[in-house]
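For reference, target-v7.pdb is printed below; it contains PDB, C-alpha atoms.
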MODEL        1
ATOM      1  CA  MET A   1      51.961-175.490 108.178
ATOM      2  CA  MET A   2      50.493-176.193 104.743
ATOM      3  CA  ALA A   3      49.853-179.824 105.678
ATOM      4  CA  ALA A   4      48.272-178.776 108.985
ATOM      5  CA  GLU A   5      45.868-176.390 107.259
ATOM      6  CA  LEU A   6      45.010-178.995 104.642
ATOM      7  CA  GLY A   7      44.347-181.525 107.400
ATOM      8  CA  GLU A   8      42.144-179.093 109.293
ATOM      9  CA  GLY A   9      40.308-178.223 106.083
ATOM     10  CA  ALA A  10      39.697-181.903 105.310
ATOM     11  CA  TRP A  11      38.436-182.456 108.856
ATOM     12  CA  ARG A  12      36.002-179.545 108.553
ATOM     13  CA  LEU A  13      34.786-180.770 105.174
ATOM     14  CA  PHE A  14      34.305-184.309 106.529
ATOM     15  CA  GLU A  15      32.280-182.808 109.391
ATOM     16  CA  ALA A  16      30.112-181.058 106.761
ATOM     17  CA  GLU A  17      29.841-184.356 104.815
ATOM     18  CA  LEU A  18      31.571-182.794 101.793
ATOM     19  CA  TRP A  19      33.467-186.012 101.096
ATOM     20  CA  TYR A  20      34.677-185.157  97.567
ATOM     21  CA  SER A  21      36.088-181.784  98.595
ATOM     22  CA  ALA A  22      37.733-183.309 101.651
ATOM     23  CA  ALA A  23      39.247-186.090  99.521
ATOM     24  CA  ALA A  24      40.939-183.429  97.377
ATOM     25  CA  LEU A  25      42.576-181.983 100.485
ATOM     26  CA  VAL A  26      43.645-185.428 101.705
ATOM     27  CA  ARG A  27      45.388-185.917  98.358
ATOM     28  CA  GLN A  28      47.239-182.668  98.969
ATOM     29  CA  VAL A  29      48.194-183.836 102.478
ATOM     30  CA  ILE A  30      49.766-186.883 100.809
ATOM     31  CA  GLU A  31      51.753-184.588  98.509
ATOM     32  CA  CYS A  32      52.971-182.601 101.518
ATOM     33  CA  GLY A  33      54.042-185.878 103.098
ATOM     34  CA  TYR A  34      55.979-186.810  99.974
ATOM     35  CA  LEU A  35      57.662-183.418  99.962
ATOM     36  CA  LEU A  36      58.586-183.510 103.645
ATOM     37  CA  THR A  37      59.921-187.046 103.346
ATOM     38  CA  LEU A  38      62.056-186.078 100.361
ATOM     39  CA  MET A  39      63.333-183.037 102.251
ATOM     40  CA  SER A  40      64.150-185.234 105.246
ATOM     41  CA  GLU A  41      66.465-187.204 102.973
ATOM     42  CA  SER A  42      68.346-184.206 101.555
ATOM     43  CA  ARG A  43      68.766-180.512 102.327
ATOM     44  CA  ASP A  44      69.385-180.045  98.599
ATOM     45  CA  GLU A  45      65.787-181.081  97.920
ATOM     46  CA  ALA A  46      64.498-178.471 100.367
ATOM     47  CA  LYS A  47      66.701-175.778  98.858
ATOM     48  CA  ALA A  48      65.596-176.702  95.333
ATOM     49  CA  TRP A  49      61.926-176.566  96.329
ATOM     50  CA  MET A  50      62.282-173.242  98.148
ATOM     51  CA  THR A  51      64.021-171.575  95.205
ATOM     52  CA  SER A  52      62.144-173.170  92.291
ATOM     53  CA  SER A  53      59.973-171.388  89.793
ATOM     54  CA  HIS A  54      56.519-172.748  88.986
ATOM     55  CA  ASP A  55      57.883-174.641  85.973
ATOM     56  CA  GLU A  56      60.689-176.152  88.064
ATOM     57  CA  ILE A  57      58.200-177.219  90.747
ATOM     58  CA  VAL A  58      56.112-178.972  88.102
ATOM     59  CA  ARG A  59      59.173-180.596  86.538
ATOM     60  CA  LYS A  60      60.838-181.755  89.769
ATOM     61  CA  PHE A  61      58.231-181.931  92.512
ATOM     62  CA  MET A  62      55.205-183.624  91.039
ATOM     63  CA  PRO A  63      54.434-186.747  93.080
ATOM     64  CA  ARG A  64      55.727-189.165  90.440
ATOM     65  CA  HIS A  65      59.046-187.296  90.323
ATOM     66  CA  MET A  66      59.375-187.248  94.102
ATOM     67  CA  ARG A  67      58.604-190.986  94.254
ATOM     68  CA  GLN A  68      61.417-191.636  91.775
ATOM     69  CA  ARG A  69      63.984-189.701  93.823
ATOM     70  CA  SER A  70      62.928-190.714  97.309
ATOM     71  CA  VAL A  71      64.555-193.486  99.277
ATOM     72  CA  ARG A  72      61.174-194.231 100.884
ATOM     73  CA  ASN A  73      58.827-196.469  98.944
ATOM     74  CA  PHE A  74      55.679-194.381  98.492
ATOM     75  CA  ARG A  75      52.515-196.255  97.541
ATOM     76  CA  ALA A  76      51.786-194.940  94.039
ATOM     77  CA  GLY A  77      48.531-196.911  93.789
ATOM     78  CA  GLU A  78      47.157-195.278  96.911
ATOM     79  CA  TYR A  79      48.011-191.821  95.612
ATOM     80  CA  GLU A  80      46.292-192.709  92.328
ATOM     81  CA  THR A  81      43.159-193.743  94.219
ATOM     82  CA  HIS A  82      43.153-190.412  96.044
ATOM     83  CA  CYS A  83      43.540-188.576  92.739
ATOM     84  CA  ASP A  84      40.523-190.445  91.363
ATOM     85  CA  LEU A  85      38.333-189.868  94.409
ATOM     86  CA  GLY A  86      39.098-186.245  95.059
ATOM     87  CA  GLY A  87      41.925-184.807  93.094
ATOM     88  CA  HIS A  88      41.398-184.485  89.432
ATOM     89  CA  PRO A  89      37.786-184.430  88.231
ATOM     90  CA  ASN A  90      37.128-188.059  87.396
ATOM     91  CA  PRO A  91      33.952-190.165  87.085
ATOM     92  CA  VAL A  92      35.205-192.314  89.985
ATOM     93  CA  GLY A  93      34.773-189.274  92.226
ATOM     94  CA  ARG A  94      30.989-189.540  91.889
ATOM     95  CA  ALA A  95      31.140-192.252  94.528
ATOM     96  CA  VAL A  96      31.988-189.710  97.234
ATOM     97  CA  LEU A  97      29.557-186.970  96.181
ATOM     98  CA  ARG A  98      26.966-186.782  98.931
ATOM     99  CA  ARG A  99      24.008-186.242  96.582
ATOM    100  CA  HIS A 100      24.997-188.700  93.842
ATOM    101  CA  PRO A 101      23.103-192.010  93.766
ATOM    102  CA  GLU A 102      26.349-194.044  93.739
ATOM    103  CA  ARG A 103      27.334-192.404  97.035
ATOM    104  CA  ARG A 104      25.051-194.633  99.080
ATOM    105  CA  ARG A 105      27.134-197.704  98.257
ATOM    106  CA  LEU A 106      30.229-196.454 100.069
ATOM    107  CA  SER A 107      30.789-196.139 103.782
ATOM    108  CA  THR A 108      32.393-192.894 104.890
ATOM    109  CA  ARG A 109      33.798-194.425 108.068
ATOM    110  CA  GLY A 110      37.147-195.114 106.391
ATOM    111  CA  ASN A 111      37.729-191.461 105.575
ATOM    112  CA  TRP A 112      38.627-190.490 109.137
ATOM    113  CA  PRO A 113      41.345-193.113 109.730
ATOM    114  CA  ASP A 114      42.677-192.478 106.219
ATOM    115  CA  LEU A 115      43.067-188.759 106.943
ATOM    116  CA  SER A 116      44.603-189.564 110.322
ATOM    117  CA  GLU A 117      47.132-191.953 108.846
ATOM    118  CA  HIS A 118      48.168-189.512 106.120
ATOM    119  CA  LEU A 119      48.607-186.762 108.692
ATOM    120  CA  ALA A 120      50.676-189.159 110.822
ATOM    121  CA  ASP A 121      52.820-190.039 107.772
ATOM    122  CA  THR A 122      53.314-186.333 107.066
ATOM    123  CA  TRP A 123      54.288-185.739 110.696
ATOM    124  CA  SER A 124      56.819-188.591 110.462
ATOM    125  CA  GLY A 125      58.376-187.017 107.368
ATOM    126  CA  PHE A 126      58.610-183.687 109.169
ATOM    127  CA  VAL A 127      60.178-185.180 112.301
ATOM    128  CA  ALA A 128      62.615-187.262 110.240
ATOM    129  CA  GLY A 129      63.954-184.063 108.669
ATOM    130  CA  LEU A 130      64.490-182.152 111.899
ATOM    131  CA  PRO A 131      68.088-183.322 112.418
ATOM    132  CA  LEU A 132      68.978-181.745 109.059
ATOM    133  CA  TYR A 133      67.377-178.398 109.842
ATOM    134  CA  ASP A 134      67.163-177.776 113.589
ATOM    135  CA  PRO A 135      70.547-176.828 115.107
ATOM    136  CA  ARG A 136      69.131-177.583 118.561
ATOM    137  CA  MET A 137      69.329-181.289 117.663
ATOM    138  CA  ASN A 138      73.061-181.220 116.893
ATOM    139  CA  PRO A 139      75.190-181.695 120.045
ATOM    140  CA  ALA A 140      78.097-179.953 118.272
ATOM    141  CA  ASP A 141      76.061-176.788 117.651
ATOM    142  CA  SER A 142      76.096-173.903 120.148
ATOM    143  CA  LEU A 143      72.282-173.826 119.987
ATOM    144  CA  TYR A 144      71.989-177.480 121.032
ATOM    145  CA  SER A 145      69.253-177.820 123.621
ATOM    146  CA  PRO A 146      67.057-180.480 125.137
ATOM    147  CA  ILE A 147      64.164-178.160 124.220
ATOM    148  CA  ARG A 148      63.763-178.867 120.536
ATOM    149  CA  SER A 149      61.279-178.116 117.834
ATOM    150  CA  PRO A 150      58.573-178.621 117.014
ATOM    151  CA  ASP A 151      56.494-177.038 119.716
ATOM    152  CA  SER A 152      54.147-179.653 121.177
ATOM    153  CA  GLY A 153      56.089-182.422 119.424
ATOM    154  CA  HIS A 154      56.086-184.655 122.483
ATOM    155  CA  GLU A 155      52.337-184.196 122.882
ATOM    156  CA  ILE A 156      51.738-185.149 119.240
ATOM    157  CA  GLU A 157      53.943-188.241 119.558
ATOM    158  CA  CYS A 158      52.018-189.314 122.675
ATOM    159  CA  LEU A 159      48.675-188.821 120.913
ATOM    160  CA  LEU A 160      49.863-190.873 117.939
ATOM    161  CA  ALA A 161      51.138-193.618 120.212
ATOM    162  CA  GLU A 162      47.853-193.698 122.124
ATOM    163  CA  TRP A 163      45.865-193.795 118.870
ATOM    164  CA  ARG A 164      47.917-196.703 117.569
ATOM    165  CA  GLU A 165      47.644-198.516 120.875
ATOM    166  CA  ARG A 166      43.843-198.301 120.816
ATOM    167  CA  ASP A 167      43.245-198.741 117.071
ATOM    168  CA  THR A 168      44.435-202.063 115.670
ATOM    169  CA  ILE A 169      44.067-200.886 112.068
ATOM    170  CA  ALA A 170      46.254-197.831 112.741
ATOM    171  CA  ARG A 171      48.806-200.051 114.474
ATOM    172  CA  ARG A 172      48.903-202.499 111.550
ATOM    173  CA  GLN A 173      49.270-199.627 109.092
ATOM    174  CA  ALA A 174      52.153-198.164 111.111
ATOM    175  CA  ASP A 175      53.847-201.577 111.310
ATOM    176  CA  HIS A 176      53.466-201.991 107.545
ATOM    177  CA  LEU A 177      54.988-198.593 106.800
ATOM    178  CA  ASP A 178      57.810-198.758 109.332
ATOM    179  CA  PRO A 179      58.226-201.815 111.564
ATOM    180  CA  ARG A 180      60.501-199.763 113.863
ATOM    181  CA  LEU A 181      57.603-197.408 114.581
ATOM    182  CA  ALA A 182      55.621-200.004 116.489
ATOM    183  CA  SER A 183      58.386-200.612 119.016
ATOM    184  CA  ARG A 184      59.024-196.852 119.414
ATOM    185  CA  GLN A 185      55.325-196.199 119.984
ATOM    186  CA  GLU A 186      55.048-199.020 122.537
ATOM    187  CA  HIS A 187      58.067-197.626 124.374
ATOM    188  CA  LYS A 188      56.635-194.094 124.470
ATOM    189  CA  VAL A 189      53.249-195.250 125.708
ATOM    190  CA  SER A 190      54.875-197.202 128.546
ATOM    191  CA  ARG A 191      56.752-194.076 129.778
TER     192      ARG A 191
ENDMDL
END
Would you mind writing the structure in this file as structure tokens?
Amino acid sequence: MMAAELGEGAWRLFEAELWYSAAALVRQVIECGYLLTLMSESRDEAKAWMTSSHDEIVRKFMPRHMRQRSVRNFRAGEYETHCDLGGHPNPVGRAVLRRHPERRRLSTRGNWPDLSEHLADTWSGFVAGLPLYDPRMNPADSLYSPIRSPDSGHEIECLLAEWRERDTIARRQADHLDPRLASRQEHKVSR
């Protein structure tokens, strides 16, 4: 839910052409994606996060720490770029300020697909963790059911598949991150 609100906030800020503010929220979406991916790899990570104090969160769940523990290969350079453009106050961030003279040199068209891809990555981390947390996905559990969380999950998967089918850049990005994703998306679109 945090990632969804951050994504909606970034979308609204992009609509208002507040590119720097939106970039800060996109960076936070990336952090949510890291966290969900780490939690999809281990219930212990989720438990630690849920029961940690502020100091423990800082010590264990900063992005660099999550990247070190995660099986998935997060792109540290991309996260660093997002920190520069809209995370920590940094002179590089001037380039996305709508009233700064350097702003005119950058196109804002890339912001939308970037937000979309980070939201899709975050969704993938969430879905990957469901077998660890949703008893409805375990055939041995009495709650097992063909109706599984998340609500509207099938609709979201179809929208992502359609987006990747129509957008070659999104498709290439998905293939780069997870080559298995492309074949799954093609299969879902054909259904």
Query - Surrounding residues of A:Leu18 excluding itself and chain neighbours under 5 positions, 8 Å, all atoms listed in the file, as number ranges by chain - result: A: 13, 97-98
What's around A:Gly87 at 10 Å? Count all atoms listed in the file, leave out sequence neighbours fewer than 3 positions away in its own chain, and write the answer as a tab-separated table (two decimals) with C-alpha atoms, in the coordinates of the input.
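Dumped everything to selection.tsv:
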chain	number	residue	atom	x	y	z
A	20	TYR	CA	34.68	-185.16	97.57
A	21	SER	CA	36.09	-181.78	98.60
A	22	ALA	CA	37.73	-183.31	101.65
A	23	ALA	CA	39.25	-186.09	99.52
A	24	ALA	CA	40.94	-183.43	97.38
A	25	LEU	CA	42.58	-181.98	100.48
A	26	VAL	CA	43.64	-185.43	101.70
A	27	ARG	CA	45.39	-185.92	98.36
A	28	GLN	CA	47.24	-182.67	98.97
A	79	TYR	CA	48.01	-191.82	95.61
A	80	GLU	CA	46.29	-192.71	92.33
A	81	THR	CA	43.16	-193.74	94.22
A	82	HIS	CA	43.15	-190.41	96.04
A	83	CYS	CA	43.54	-188.58	92.74
A	84	ASP	CA	40.52	-190.44	91.36
A	90	ASN	CA	37.13	-188.06	87.40
A	93	GLY	CA	34.77	-189.27	92.23
**Report entry** Proximity to A:Arg69 - best of A:Gly86, A:Arg136, A:Thr51, A:Ser42, all atoms listed in the file
**Finding:** A:Ser42
Report task. Excluding A:Glu5 and residues on its chain fewer than 5 positions from it, collect all residues at most 10 Å away from it, counting all atoms listed in the file, and give them as JSON, numbers by chain. Result -> {"A": [10, 11, 25, 29]}
Any chance you could export the current selection's C-alpha atoms as a compact mmCIF listing (two decimals), keeping the file's coordinate frame?
# COMPACT_ATOMS: atom_id res chain seq x y z
CA ALA A 10 39.70 -181.90 105.31
CA TRP A 11 38.44 -182.46 108.86
CA LEU A 25 42.58 -181.98 100.48
CA VAL A 29 48.19 -183.84 102.48
**Report entry** From A:Arg67, A:His118, A:Arg75, A:Arg166, residue lying nearest A:Ile30 [all atoms listed in the file]
**Finding:** A:His118
Report summary line: Shortest contact to A:Pro63, candidates A:Leu85, A:Leu36, A:Leu130, A:Leu6, atoms counted only C-alpha atoms, goes to A:Leu36
Query raised in the report: Any idea what the distance is between atom CA of A:Trp19 and atom CA of A:Ala95?
Result: 9.4 Å
Query - Top pick for closest residue to A:Leu119, considering A:Ala76, A:Ile156, A:Leu38, A:Ile169 and counting only C-alpha atoms - result: A:Ile156
Query - Long-range neighbours of A:Gly33 as a PyMOL selection string, 8 Å cut-off, only C-alpha atoms, 5 positions minimum in chain - result: chain A and resi 3+118-119+121-123+125-126
Query raised in the report: Applied to the shown file, which residues does the PyMOL selection byres ((chain A and resi 132) around 9) return, written as a count of residues only?
Result: 14
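Here atom CA of A:Met66 and atom CA of A:Tyr34 stand 6.8 Å from one another.
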Draw an axis-aligned box over all listed atoms of stretch 112-121 of chain A, pad each side with 4 Å, and write its centre and edge lengths in Å, one decimal, as AutoDock Vina command-line options.
--center_x 45.7 --center_y -189.9 --center_z 108.5 --size_x 22.2 --size_y 14.4 --size_z 12.7
Query raised in the report: Quick one: distance from atom CA of A:Leu35 to atom CA of A:Glu78 in Å, one decimal?
Result: 16.1 Å
